[in-house]
Amino acid sequence: MKKKRERILALDGLRGYSALIVIAFHALTWSPAFNAAHYEAFYENQLLEVLTVTPLKFFWAGNEAIVLFFMIGGMVITMPYINGKKFEYWRFIGRRFVTIIFPYLIAVTLTLIGSYYYRDLTQDVRLAGTFNTKWSRFPTTSELWNTYLLMDNHLNIIAGVFWSIIQEWRISFIIPIVGYLFSKEKNKKSMVIAVLSWALVWAGLGYLMVVTKDTTFYPFVESFERTAYYSIYFMIGSALAVYYESLSGWVKSHKLVTWFLPLSIIIITNRWWLRLFGIMLGQRPALLIAAIGYVMLLISVIEIPDLHAFFSNRPAILLGNVSFGIYLTHTTMIILVVSFLGQVIEPVYALIVSTFLVIPTAFLFTRFVVAPCAKLARSLLFLKRPA
């Protein structure tokens, strides 16, 4: 990125539309037909197969959309350092805690209240297994402690989507250091040190997973191994911020940018269309390939004027502003609506209705929870810049 480059609004809009993809993913995979198509490669009809094993999967590729969230996070955290921002580690951590963990704890608490009072209703509504697991029982005391102490195990019975918030919070301890080191573009040594240090930690956690297998420590180690893995995508976003100008310049000089959008979607959905060739690629390698597609997509959104305008318009920015609220509340809202409406109409129809209530709920949660937390973060003394 060029020095003093302003905030790229299109990235906020892109984050908003990515939140819609996450909603679509959960709503569809909670229906039996789409669940079988996604997880079992069983297609009830030809339309389902087309929607799953072609680039159309992009529009409900929820796991891949999380990768994009993380990559954008790496970019926007690194850009201020490129522009000369002072490195203030603990101020950054304090602000992230208030803006991420406070809303998370409120969302978890509201979800647990819903689970406590209404979980019996969910037993009368049968959809796909991933839905039926939610609120099937109230968490045990140890599971509640794990949830509030930011462990991402045992979240499926509450609202599994919270796992990525926990991972993002943990990565907050790493990514400002990585972003600051990466921003020193002339000092390649610092970048190499950052990458090697991360690789060493990841390898160590992988070894500990083998050593602690079948012990009480394994879930703990496994959880932090996931943190090391998902750090990759923040680092890719950080590196893209640093090398964006040279990369986009090369793309434009070779007149490739117009091809990047369709190619990016094909690469992002690699795991799904590869099924046509009998290749069942694992999630992690598929997501790493998808990250290449997302680099291309980000360049397309920034450099193609019409695309940039689309993701910078008012509806896109509004979606971007409530994307965190969408992420925190959408599964809880869907479960509640389906649990009640599913008593009087077909659960699949209740599932469809529930999706229309997600965004209004997210706006309310953003206004009364996320925005006040952000204001609190700015007002706390230890977060203020000295006069």
# chains A, B, ... in the order shown; residues from 1 in each chain; ligands from 1

$ residues_around --residues "A:Arg170" --least-positions-apart "5" --cutoff "9 Å" --atoms "only C-alpha atoms" --output "PyMOL selection string"
chain A and resi 150+165+224+227

$ atom_distance --atom1 "atom CA of A:Gly179" --atom2 "atom CA of A:Arg15"
19.8 Å

$ residues_around --residues "A:Val370" --least-positions-apart "5" --cutoff "8 Å" --atoms "only C-alpha atoms" --output "list in words"
Thr99, Pro103, Phe324, Gly325 and Phe365 of chain A

$ atom_distance --atom1 "atom CA of A:Phe260" --atom2 "atom CA of A:Leu240"
15.4 Å

$ closest_residue --among "A:Leu9, A:Asn35, A:Glu44, A:Gln283" --to "A:Arg271" --atoms "only C-alpha atoms"
A:Gln283

$ closest_residue --among "A:Ser231, A:Asn313, A:Ser115, A:Thr54" --to "A:Ile268" --atoms "only C-alpha atoms"
A:Thr54

$ closest_residue --among "A:Ala239, A:Ile23, A:Val53, A:Ile77" --to "A:Arg7" --atoms "only C-alpha atoms"
A:Ile77

$ closest_residue --among "A:Tyr180, A:Phe277, A:Tyr229, A:Phe340" --to "A:Val353" --atoms "only C-alpha atoms"
A:Phe340

$ residues_around --residues "A:Tyr294" --least-positions-apart "2" --cutoff "12 Å" --atoms "only C-alpha atoms" --output "PyMOL selection string"
chain A and resi 14+18+58+64-72+233+236-237+240+260-270+287-292+296-301

$ select_by_dssp --residues "stretch 116-340 of chain A" --states "helix (DSSP H, G or I)" --output "ChimeraX atom specification"
/A:116-122,129-132,141-148,160-171,175-183,188-211,218-253,257-268,270-277,283-303,305-312,314-321,323-340

$ residues_around --residues "A:Val337" --least-positions-apart "4" --cutoff "7 Å" --atoms "only C-alpha atoms" --output "ChimeraX atom specification"
/A:333,341,350,354

$ write_last_selection --atoms "N, CA, C and O atoms" --output "PDB file, in the first residue's frame"
ATOM      1  N   MET A 333     -30.577 -16.068  16.439  1.00  0.00           N
ATOM      2  CA  MET A 333     -31.865 -15.633  15.913  1.00  0.00           C
ATOM      3  C   MET A 333     -32.530 -16.734  15.087  1.00  0.00           C
ATOM      4  O   MET A 333     -33.733 -17.000  15.226  1.00  0.00           O
ATOM      5  N   LEU A 341     -41.557 -20.886  15.187  1.00  0.00           N
ATOM      6  CA  LEU A 341     -42.371 -21.039  13.975  1.00  0.00           C
ATOM      7  C   LEU A 341     -42.478 -22.497  13.547  1.00  0.00           C
ATOM      8  O   LEU A 341     -43.478 -22.902  12.946  1.00  0.00           O
ATOM      9  N   ALA A 350     -39.830 -22.273   8.147  1.00  0.00           N
ATOM     10  CA  ALA A 350     -39.445 -21.423   9.275  1.00  0.00           C
ATOM     11  C   ALA A 350     -37.994 -20.973   9.140  1.00  0.00           C
ATOM     12  O   ALA A 350     -37.644 -19.839   9.491  1.00  0.00           O
ATOM     13  N   SER A 354     -36.701 -17.107   9.014  1.00  0.00           N
ATOM     14  CA  SER A 354     -35.744 -16.632  10.017  1.00  0.00           C
ATOM     15  C   SER A 354     -34.631 -15.775   9.410  1.00  0.00           C
ATOM     16  O   SER A 354     -34.138 -14.851  10.048  1.00  0.00           O
TER      17      SER A 354
END

$ closest_residue --among "A:Tyr230, A:Thr130, A:Phe182, A:Ala241" --to "A:Gln167" --atoms "only C-alpha atoms"
A:Tyr230

$ residues_around --residues "A:Val369" --least-positions-apart "3" --cutoff "9 Å" --atoms "only C-alpha atoms" --output "PyMOL selection string"
chain A and resi 102-103+106+325+364-366+372-374

$ residues_around --residues "A:Thr122" --least-positions-apart "4" --cutoff "10 Å" --atoms "only C-alpha atoms" --output "list in words"
Ser115, Tyr118, Arg126, Leu127, Phe131, Asn132, Thr133, Lys134, Trp135, Ser136, Arg137, Ile335, Leu336, Val338, Ser339, Phe340, Gly342 and Gln343 of chain A

$ closest_residue --among "A:Val22, A:Val50, A:Met235, A:Val98" --to "A:Gly73" --atoms "only C-alpha atoms"
A:Met235

$ decode --residues "stretch 118-132 of chain A" --atoms "all heavy atoms" --output "PDB file, in the first residue's frame"
ATOM      1  N   TYR A 118     -35.781 -22.146  26.132  1.00  0.00           N
ATOM      2  CA  TYR A 118     -36.508 -22.596  24.942  1.00  0.00           C
ATOM      3  C   TYR A 118     -35.937 -23.849  24.290  1.00  0.00           C
ATOM      4  O   TYR A 118     -36.385 -24.230  23.212  1.00  0.00           O
ATOM      5  CB  TYR A 118     -36.568 -21.454  23.911  1.00  0.00           C
ATOM      6  CG  TYR A 118     -37.192 -20.201  24.455  1.00  0.00           C
ATOM      7  CD1 TYR A 118     -36.443 -19.033  24.593  1.00  0.00           C
ATOM      8  CD2 TYR A 118     -38.523 -20.186  24.846  1.00  0.00           C
ATOM      9  CE1 TYR A 118     -37.007 -17.875  25.101  1.00  0.00           C
ATOM     10  CE2 TYR A 118     -39.103 -19.025  25.357  1.00  0.00           C
ATOM     11  CZ  TYR A 118     -38.335 -17.880  25.496  1.00  0.00           C
ATOM     12  OH  TYR A 118     -38.906 -16.750  26.007  1.00  0.00           O
ATOM     13  N   ARG A 119     -34.969 -24.489  24.937  1.00  0.00           N
ATOM     14  CA  ARG A 119     -34.365 -25.653  24.281  1.00  0.00           C
ATOM     15  C   ARG A 119     -35.357 -26.796  24.084  1.00  0.00           C
ATOM     16  O   ARG A 119     -35.209 -27.599  23.156  1.00  0.00           O
ATOM     17  CB  ARG A 119     -33.142 -26.140  25.053  1.00  0.00           C
ATOM     18  CG  ARG A 119     -33.413 -26.695  26.441  1.00  0.00           C
ATOM     19  CD  ARG A 119     -32.094 -27.091  27.105  1.00  0.00           C
ATOM     20  NE  ARG A 119     -32.296 -27.709  28.402  1.00  0.00           N
ATOM     21  CZ  ARG A 119     -32.472 -27.028  29.527  1.00  0.00           C
ATOM     22  NH1 ARG A 119     -32.473 -25.705  29.495  1.00  0.00           N
ATOM     23  NH2 ARG A 119     -32.649 -27.661  30.676  1.00  0.00           N
ATOM     24  N   ASP A 120     -36.394 -26.857  24.926  1.00  0.00           N
ATOM     25  CA  ASP A 120     -37.389 -27.925  24.750  1.00  0.00           C
ATOM     26  C   ASP A 120     -38.121 -27.777  23.419  1.00  0.00           C
ATOM     27  O   ASP A 120     -38.525 -28.776  22.809  1.00  0.00           O
ATOM     28  CB  ASP A 120     -38.399 -27.916  25.899  1.00  0.00           C
ATOM     29  CG  ASP A 120     -37.790 -28.395  27.212  1.00  0.00           C
ATOM     30  OD1 ASP A 120     -36.704 -29.026  27.159  1.00  0.00           O
ATOM     31  OD2 ASP A 120     -38.374 -28.130  28.276  1.00  0.00           O
ATOM     32  N   LEU A 121     -38.302 -26.525  22.964  1.00  0.00           N
ATOM     33  CA  LEU A 121     -38.978 -26.302  21.684  1.00  0.00           C
ATOM     34  C   LEU A 121     -38.172 -26.867  20.522  1.00  0.00           C
ATOM     35  O   LEU A 121     -38.739 -27.355  19.537  1.00  0.00           O
ATOM     36  CB  LEU A 121     -39.219 -24.807  21.464  1.00  0.00           C
ATOM     37  CG  LEU A 121     -40.261 -24.119  22.332  1.00  0.00           C
ATOM     38  CD1 LEU A 121     -40.292 -22.628  22.037  1.00  0.00           C
ATOM     39  CD2 LEU A 121     -41.638 -24.733  22.111  1.00  0.00           C
ATOM     40  N   THR A 122     -36.853 -26.782  20.637  1.00  0.00           N
ATOM     41  CA  THR A 122     -36.022 -27.250  19.530  1.00  0.00           C
ATOM     42  C   THR A 122     -36.141 -28.757  19.328  1.00  0.00           C
ATOM     43  O   THR A 122     -35.894 -29.254  18.234  1.00  0.00           O
ATOM     44  CB  THR A 122     -34.534 -26.896  19.757  1.00  0.00           C
ATOM     45  OG1 THR A 122     -34.045 -27.610  20.906  1.00  0.00           O
ATOM     46  CG2 THR A 122     -34.355 -25.415  19.972  1.00  0.00           C
ATOM     47  N   GLN A 123     -36.538 -29.489  20.388  1.00  0.00           N
ATOM     48  CA  GLN A 123     -36.654 -30.944  20.270  1.00  0.00           C
ATOM     49  C   GLN A 123     -37.826 -31.354  19.380  1.00  0.00           C
ATOM     50  O   GLN A 123     -37.866 -32.474  18.869  1.00  0.00           O
ATOM     51  CB  GLN A 123     -36.808 -31.576  21.660  1.00  0.00           C
ATOM     52  CG  GLN A 123     -35.726 -31.168  22.653  1.00  0.00           C
ATOM     53  CD  GLN A 123     -34.325 -31.323  22.087  1.00  0.00           C
ATOM     54  OE1 GLN A 123     -33.936 -32.405  21.647  1.00  0.00           O
ATOM     55  NE2 GLN A 123     -33.566 -30.232  22.081  1.00  0.00           N
ATOM     56  N   ASP A 124     -38.781 -30.431  19.197  1.00  0.00           N
ATOM     57  CA  ASP A 124     -39.936 -30.720  18.342  1.00  0.00           C
ATOM     58  C   ASP A 124     -39.695 -30.324  16.894  1.00  0.00           C
ATOM     59  O   ASP A 124     -40.547 -30.557  16.037  1.00  0.00           O
ATOM     60  CB  ASP A 124     -41.173 -29.968  18.862  1.00  0.00           C
ATOM     61  CG  ASP A 124     -41.532 -30.371  20.281  1.00  0.00           C
ATOM     62  OD1 ASP A 124     -41.330 -31.555  20.615  1.00  0.00           O
ATOM     63  OD2 ASP A 124     -41.984 -29.501  21.055  1.00  0.00           O
ATOM     64  N   VAL A 125     -38.550 -29.694  16.636  1.00  0.00           N
ATOM     65  CA  VAL A 125     -38.231 -29.230  15.291  1.00  0.00           C
ATOM     66  C   VAL A 125     -37.021 -29.991  14.790  1.00  0.00           C
ATOM     67  O   VAL A 125     -35.934 -29.887  15.353  1.00  0.00           O
ATOM     68  CB  VAL A 125     -37.932 -27.711  15.286  1.00  0.00           C
ATOM     69  CG1 VAL A 125     -37.571 -27.253  13.884  1.00  0.00           C
ATOM     70  CG2 VAL A 125     -39.120 -26.932  15.829  1.00  0.00           C
ATOM     71  N   ARG A 126     -37.193 -30.760  13.741  1.00  0.00           N
ATOM     72  CA  ARG A 126     -36.105 -31.578  13.215  1.00  0.00           C
ATOM     73  C   ARG A 126     -35.673 -31.073  11.843  1.00  0.00           C
ATOM     74  O   ARG A 126     -36.477 -30.993  10.913  1.00  0.00           O
ATOM     75  CB  ARG A 126     -36.524 -33.049  13.092  1.00  0.00           C
ATOM     76  CG  ARG A 126     -36.916 -33.718  14.414  1.00  0.00           C
ATOM     77  CD  ARG A 126     -35.695 -33.980  15.287  1.00  0.00           C
ATOM     78  NE  ARG A 126     -35.398 -32.850  16.170  1.00  0.00           N
ATOM     79  CZ  ARG A 126     -34.341 -32.798  16.955  1.00  0.00           C
ATOM     80  NH1 ARG A 126     -33.448 -33.785  16.941  1.00  0.00           N
ATOM     81  NH2 ARG A 126     -34.148 -31.755  17.740  1.00  0.00           N
ATOM     82  N   LEU A 127     -34.414 -30.707  11.764  1.00  0.00           N
ATOM     83  CA  LEU A 127     -33.821 -30.329  10.481  1.00  0.00           C
ATOM     84  C   LEU A 127     -32.581 -31.190  10.274  1.00  0.00           C
ATOM     85  O   LEU A 127     -32.605 -32.381  10.554  1.00  0.00           O
ATOM     86  CB  LEU A 127     -33.498 -28.832  10.480  1.00  0.00           C
ATOM     87  CG  LEU A 127     -34.707 -27.893  10.372  1.00  0.00           C
ATOM     88  CD1 LEU A 127     -34.335 -26.467  10.723  1.00  0.00           C
ATOM     89  CD2 LEU A 127     -35.299 -27.961   8.963  1.00  0.00           C
ATOM     90  N   ALA A 128     -31.479 -30.597   9.798  1.00  0.00           N
ATOM     91  CA  ALA A 128     -30.240 -31.371   9.635  1.00  0.00           C
ATOM     92  C   ALA A 128     -29.560 -31.537  10.987  1.00  0.00           C
ATOM     93  O   ALA A 128     -29.828 -30.803  11.946  1.00  0.00           O
ATOM     94  CB  ALA A 128     -29.313 -30.658   8.659  1.00  0.00           C
ATOM     95  N   GLY A 129     -28.642 -32.498  11.055  1.00  0.00           N
ATOM     96  CA  GLY A 129     -27.968 -32.795  12.310  1.00  0.00           C
ATOM     97  C   GLY A 129     -27.241 -31.607  12.902  1.00  0.00           C
ATOM     98  O   GLY A 129     -27.209 -31.437  14.128  1.00  0.00           O
ATOM     99  N   THR A 130     -26.653 -30.759  12.049  1.00  0.00           N
ATOM    100  CA  THR A 130     -25.923 -29.597  12.556  1.00  0.00           C
ATOM    101  C   THR A 130     -26.848 -28.603  13.246  1.00  0.00           C
ATOM    102  O   THR A 130     -26.412 -27.865  14.116  1.00  0.00           O
ATOM    103  CB  THR A 130     -25.166 -28.892  11.413  1.00  0.00           C
ATOM    104  OG1 THR A 130     -26.054 -28.715  10.302  1.00  0.00           O
ATOM    105  CG2 THR A 130     -23.955 -29.706  10.974  1.00  0.00           C
ATOM    106  N   PHE A 131     -28.127 -28.569  12.846  1.00  0.00           N
ATOM    107  CA  PHE A 131     -29.108 -27.744  13.550  1.00  0.00           C
ATOM    108  C   PHE A 131     -29.605 -28.451  14.796  1.00  0.00           C
ATOM    109  O   PHE A 131     -29.738 -27.849  15.863  1.00  0.00           O
ATOM    110  CB  PHE A 131     -30.299 -27.410  12.646  1.00  0.00           C
ATOM    111  CG  PHE A 131     -31.405 -26.663  13.356  1.00  0.00           C
ATOM    112  CD1 PHE A 131     -31.365 -25.282  13.450  1.00  0.00           C
ATOM    113  CD2 PHE A 131     -32.470 -27.348  13.945  1.00  0.00           C
ATOM    114  CE1 PHE A 131     -32.366 -24.592  14.120  1.00  0.00           C
ATOM    115  CE2 PHE A 131     -33.477 -26.664  14.616  1.00  0.00           C
ATOM    116  CZ  PHE A 131     -33.421 -25.277  14.697  1.00  0.00           C
ATOM    117  N   ASN A 132     -29.891 -29.744  14.671  1.00  0.00           N
ATOM    118  CA  ASN A 132     -30.473 -30.492  15.786  1.00  0.00           C
ATOM    119  C   ASN A 132     -29.558 -30.539  17.006  1.00  0.00           C
ATOM    120  O   ASN A 132     -30.024 -30.696  18.133  1.00  0.00           O
ATOM    121  CB  ASN A 132     -30.803 -31.917  15.335  1.00  0.00           C
ATOM    122  CG  ASN A 132     -31.826 -31.942  14.217  1.00  0.00           C
ATOM    123  OD1 ASN A 132     -32.593 -30.987  14.039  1.00  0.00           O
ATOM    124  ND2 ASN A 132     -31.846 -33.009  13.450  1.00  0.00           N
TER     125      ASN A 132
END
